[in-house]
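Contents: one structure, followed by commentary.
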Amino acid sequence: MKPGLAVGAVAELRTSVSVSQVIHLGAEGPAGAVVFSTPSMIDLMEHAAREALRPFLEPGEESVEGLVHVEHLAAT
């Protein structure tokens, strides 16, 4: 790994949520909620973390998540 990586490194990714990334909560129709699913949120976080690391990776190096602790506190 290249030097310089420090706590606080950031990356930003934007996405348009597709039907495969949502879950339907409650009743179907107007009373129910369609929200970005927690697994999809974690997937986006994983990709953002890799983007934050990308400038520090040597050719052939990769990174993989080892532990995820997430609280999805509100519908998004």
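Note on naming: chains are A, B, ... as they come in the structure tokens, residues start from 1 per chain, ligands start from 1 in the order shown.
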
- Message: Residues of chain A classed as alpha helix (DSSP H) by DSSP on the backbone are to be reported as an MDAnalysis selection string.
- Response: chainID A and resid 38:53

Near region 47-57 of chain A, counting only C-alpha atoms, which residues have an atom at most 9 Å away, once you skip same-chain residues fewer than 5 positions from it, shown as an mmCIF file with N, CA and C atoms, in the first residue's frame?
data_model
loop_
_atom_site.group_PDB
_atom_site.id
_atom_site.type_symbol
_atom_site.label_atom_id
_atom_site.label_comp_id
_atom_site.auth_asym_id
_atom_site.auth_seq_id
_atom_site.Cartn_x
_atom_site.Cartn_y
_atom_site.Cartn_z
ATOM 1 N N MET A 1 0.837 -1.177 0.000
ATOM 2 C CA MET A 1 0.000 0.000 0.000
ATOM 3 C C MET A 1 0.882 1.240 0.000
ATOM 4 N N LYS A 2 0.461 2.223 -0.770
ATOM 5 C CA LYS A 2 1.182 3.491 -0.815
ATOM 6 C C LYS A 2 1.009 4.243 0.505
ATOM 7 N N PRO A 3 1.970 5.056 0.899
ATOM 8 C CA PRO A 3 1.860 5.800 2.152
ATOM 9 C C PRO A 3 0.821 6.923 2.051
ATOM 10 N N GLY A 4 0.380 7.376 3.206
ATOM 11 C CA GLY A 4 -0.484 8.547 3.257
ATOM 12 C C GLY A 4 -1.899 8.274 3.715
ATOM 13 N N LEU A 5 -2.327 7.024 3.722
ATOM 14 C CA LEU A 5 -3.689 6.733 4.163
ATOM 15 C C LEU A 5 -3.817 7.043 5.644
ATOM 16 N N ALA A 9 -10.082 9.503 5.713
ATOM 17 C CA ALA A 9 -10.126 9.505 4.247
ATOM 18 C C ALA A 9 -11.576 9.325 3.812
ATOM 19 N N VAL A 10 -11.987 10.036 2.785
ATOM 20 C CA VAL A 10 -13.376 9.992 2.347
ATOM 21 C C VAL A 10 -13.481 9.808 0.843
ATOM 22 N N ALA A 11 -14.632 9.333 0.430
ATOM 23 C CA ALA A 11 -15.007 9.270 -0.976
ATOM 24 C C ALA A 11 -16.516 9.420 -1.022
ATOM 25 N N GLU A 12 -17.010 9.939 -2.106
ATOM 26 C CA GLU A 12 -18.455 10.121 -2.261
ATOM 27 C C GLU A 12 -18.904 9.438 -3.529
ATOM 28 N N LEU A 13 -19.942 8.635 -3.408
ATOM 29 C CA LEU A 13 -20.567 8.007 -4.562
ATOM 30 C C LEU A 13 -22.036 8.401 -4.565
ATOM 31 N N ILE A 42 -25.333 -0.959 2.472
ATOM 32 C CA ILE A 42 -24.016 -1.495 2.815
ATOM 33 C C ILE A 42 -23.178 -1.682 1.556
ATOM 34 N N GLU A 62 -5.999 -4.982 -3.628
ATOM 35 C CA GLU A 62 -7.426 -4.732 -3.438
ATOM 36 C C GLU A 62 -7.708 -4.702 -1.952
ATOM 37 N N SER A 63 -8.933 -4.396 -1.611
ATOM 38 C CA SER A 63 -9.364 -4.370 -0.228
ATOM 39 C C SER A 63 -10.733 -5.013 -0.140
ATOM 40 N N VAL A 64 -11.000 -5.611 1.008
ATOM 41 C CA VAL A 64 -12.309 -6.219 1.234
ATOM 42 C C VAL A 64 -12.740 -5.904 2.659
ATOM 43 N N GLU A 65 -14.033 -5.728 2.832
ATOM 44 C CA GLU A 65 -14.587 -5.411 4.152
ATOM 45 C C GLU A 65 -14.432 -6.601 5.078
#

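Between CA of Val17 (chain A) and CA of Leu67 (chain A) the separation is 24.3 Å.
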
- Message: Which of chain A end up as strand (DSSP E or B) when DSSP is run on this backbone - answer as a ChimeraX atom specification?
- Response: /A:22-25,33-36

- Of the listed residues A:Ser16, A:Glu61, A:Ala6, A:Glu71, that which approaches Pro39 (chain A) most closely, counting only C-alpha atoms: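 Smallest separation from Pro39 (chain A) among the options: A:Glu71.
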
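With CA of Ser18 (chain A) on one side and CA of His72 (chain A) on the other, the separation reads 18.4 Å.
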